[in-house]
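A.B. asks: Quick one: the structure is below, questions incoming.
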Amino acid sequence: MERAGGEARANGCSVAAHGALRNGYVRGLPGAAGTQIHHIAHNGGLYKRPFNEAFEETPMLVAVLTYVGYGVLTLFGYLRDFLRQWKIEKCHHATEREEQKDFVPLYQDFENFYTRNLYMRIRDSWNRPICSVPGAKVDMMERVSHDYNWTFMYTGRVIKDVINMGSYNYLGFAQNAGICQEAAAKVLSRYGAGVCSTRQEMGNLDKHEDLEKLVARFLGVESAMAYGMGFATNSMNIPALVGKGCLILSDELNHASLVLGARLSGATIRIFKHNNMQSLEKLLKDAIVHGQPRTRRPWKKILILVEGIYSMEGSIVRLPEVIALKKKYKSYLYLDEAHSIGALGPTGRGVVEYFGLNPGDVDIMMGTFTKSFGGAGGYIGGKKELIDYLRTYSHSAVYATSLSPPVVEQIITSMKCIMGEDGTTFGKECVQQLAENTRYFRRRLKEMGFIIYGNEDSPVVPLMVYMPAKIGAFGREMLKRNIGVVVVGFPATPIVESRARFCVSAAHTKEILDTALKEINEVGDLLQLKYSRHRLVPLLDRPFDETTYEETED
């Protein structure tokens with residue numbers, strides 16, 4: 001149990017004395033204003049480092065105004081649909097042909113309501129084409145729309161040196177010069193660009209074998225297998241691991257690839273609250289006690305699906321506790337390290353190293369090469385028996401074309417650089433620089449008064465925007481100031497939690513970050529986005545209600 005200026009509590013969150021709050025910020029103590037308490041969930045000494053992760057509550061007025069904003073947009077959407085029906089307003093969206101109006105509809109009209117009437121208003125905030133390497137700065141093609149974002153025209157002008165705060169280039173290896181580019185160019189001249197076959201036929205190169213041995217060594221596991229697509233690594237491998245009669249326990253904020261893989265498997269799916277160990281343990285207990293619905297037979301397998309860093313929340317999985325529960329209830333653990341591999345840990349080996357855990361405690365270690373390594377594809381690491389099984393039964397392994405040789409070399413070169421096997425300390429310096437940039441960027445945004453979600457060590461930094469009109473306004477205003485950002489709204493997030501998502505990179509210099517922060521500060525004042533009142537709610541203190549269930553029929 002931890003003591004911090006008051007009585008100790010479970011979960012490492014303390015109730016401070018003399019008017020202090022128990023939510024991460026101490027108030028009312030001399031000299032302690034703004035001091036943050038580390039939330040350490042000891043639970044028998046599971047955590048070896050401070051775990052600083054808190055989410056500030058949405059101000060009530062902001063939540064109400066956000067709902068009102070969506071309500072107004074919905075009313076105007078129905079009005080515009082009425083005008084389109086009577087040919088008063090031109091209809092741009094796909095509709096049924098007149099001679100097929102009695103058929104089963106191909107385009108579900110109501111399902112497209114959000115796209116037609118809400119998304120189209122801010123569509124210019126997405127799919128912006130860049131025409132350079134996605135480094136710290138990018139060149140972006142200018143485009144305009146004369147029909148309210150239904151179509152775009154390119155002006156022929158290129159917007160130069162836009163600060164890139166949206167790409168997952170965490171360690172800065174997405175580059176068109178340097179050791180990675182030189183190595184990839186040599187391999188391209190020898191092997192060509194494509195393999196034109198699957199791994200099981202004529203597409204298994206010596207480079208693929210080298211990559212898999214290197215990945216296994218990097219992760220500290222017995223064996224590993226590489227795939228050509230990160231999304232398919234999840235969606236096509238989960239069905240090979242579980243099926244009917246198995247139970248999947250999935251975090252409610254898991255990526256779409258994990259959700260799709262779980263649904264394709266045919267297993268029963270139950271959802272636990274995000275990063276909430278009470279919710280997960282309740283599901284595990286119920287699964288053990290009650291077994292399968294109707295028959296009450298024991299589940300064939302229980303598989304827990306979690307991510308290392310959650311790409312919309314910026315939160316880090318409570319892996320020590322998940323592993324403890326997995327061992328206690330004899331279940332399996334599938335860890336998706338798409339965003340955490342390379343970005344966390346003293347040597348970039350992901351969330352397992354970040355917490356100082358044994359890689360052998362994670363049954364299936366999945367990750368992608370698309371982010372920290374500047375390449376493409378994904379991998380799965382684990383015991384040799386697991387990988388041998390997947391080589392035969394994974395759809396991605398049997399039917400998908402092999403990784404492109406230059407991409408493989410990009411991954412090998414960047415991974416060896418991170419490991420220090422290139423004879424330099426450049427990779428280690430990149431990992432350290434990313435950690436420093438992340439903490440600096442997050443701290444400055446909080447000081448400005450923005451509501452920032454996630455863990456202090458996560459390079460994914462969500463800045464809460466909330467209102468629908470401010471989603472597009474924020475993206476446009478930032479681009480006017482030569483800064484490219486990603487904005488996210490409903491249905492990708494809860495309806496009252498629209499946000500801008502920044503991705504910090506080791507390639508960002510302090511000057512670049514200071515320039516971005518200055519402009520973010522100005523836009524925040526312009527759009528009145530500084531909602532923070534420093535009332536943080538630690539994740540374990542968030543309200544816990546009955547777990548939602550999503551079950552497939554046995």
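Simple scheme: letters A, B, ... for chains in structure tokens order, numbers from 1 for residues in each chain, numbers from 1 for ligands in the order shown.
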Step one, run DSSP on the backbone; step two, keep only residues of stretch 232-367 of chain A assigned to strand (DSSP E); then write them as a list of chain:residue names.
C.D. replies: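 Strand (DSSP E) members of stretch 232-367 of chain A, listed: A:Leu247, A:Ile248, A:Leu249, A:Ser250, A:Asp251, A:Thr268, A:Ile269, A:Arg270, A:Ile271, A:Phe272, A:Ile302, A:Leu303, A:Ile304, A:Leu305, A:Val306, A:Glu307, A:Tyr332, A:Leu333, A:Tyr334, A:Leu335, A:Asp336, A:Ile364, A:Met365, A:Met366, A:Gly367.
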A.B. asks: Run DSSP on the backbone and tell me which residues of stretch 340-501 of chain A come out as helix (DSSP H, G or I); list them as a ChimeraX atom specification.
C.D. replies: /A:351-354,359-361,384-393,395-399,405-419,426-448,468-480
A.B. asks: Could you give me, as a ChimeraX atom specification, the residues within 12 Å of A:Ala232, counting only C-alpha atoms and dropping anything in the same chain fewer than 6 positions from it?
C.D. replies: /A:226,238-239,256-261,264,366-368,376-380,394-397,399-401
A.B. asks: Using only C-alpha atoms, which residues sit within 8 Å of A:Ile451 once same-chain residues fewer than 6 positions away are excluded, as a ChimeraX atom specification?
C.D. replies: /A:56,463-464,530-532
A.B. asks: Using atom CA of A:Glu353 and atom CA of A:Gly135 as the two end points, give the distance in Å to one decimal.
C.D. replies: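 Taking atom CA of A:Glu353 as the start and atom CA of A:Gly135 as the end point, the length is 26.5 Å.
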A.B. asks: What's the 7 Å shell around stretch 117-130 of chain A, counting only C-alpha atoms, without same-chain residues fewer than 4 positions away, as a PyMOL selection string?
C.D. replies: chain A and resi 73+77+113+138-141+148-150+472+475-476
A.B. asks: Excluding stretch 163-172 of chain A and residues on its chain fewer than 5 positions from it, collect all residues at most 6 Å away from it, counting only C-alpha atoms, and give them as a PyMOL selection string.
C.D. replies: chain A and resi 136-137+371-372+430+483-486+502-503+505-507
A.B. asks: In Å, how far is it from atom CA of A:Asn276 to atom CA of A:Tyr329?
C.D. replies: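 Atom CA of A:Tyr329 lies at a distance of 16.4 Å from atom CA of A:Asn276.
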A.B. asks: Which is closer to A:Arg439 than all the others in A:Gly382, A:Met365, A:Phe490, A:Asn52, using only C-alpha atoms?
C.D. replies: A:Asn52
A.B. asks: Counting only C-alpha atoms, what is within 8 Å of A:Ala473, bar same-chain residues fewer than 4 positions away, as an MDAnalysis selection string?
C.D. replies: chainID A and resid 469 477 527
A.B. asks: Provide the atom CA of A:Thr295 to atom CA of A:Ala240 distance in Å, to one decimal place.
C.D. replies: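 Spanning atom CA of A:Thr295 to atom CA of A:Ala240 is a straight-line distance of 24.0 Å.
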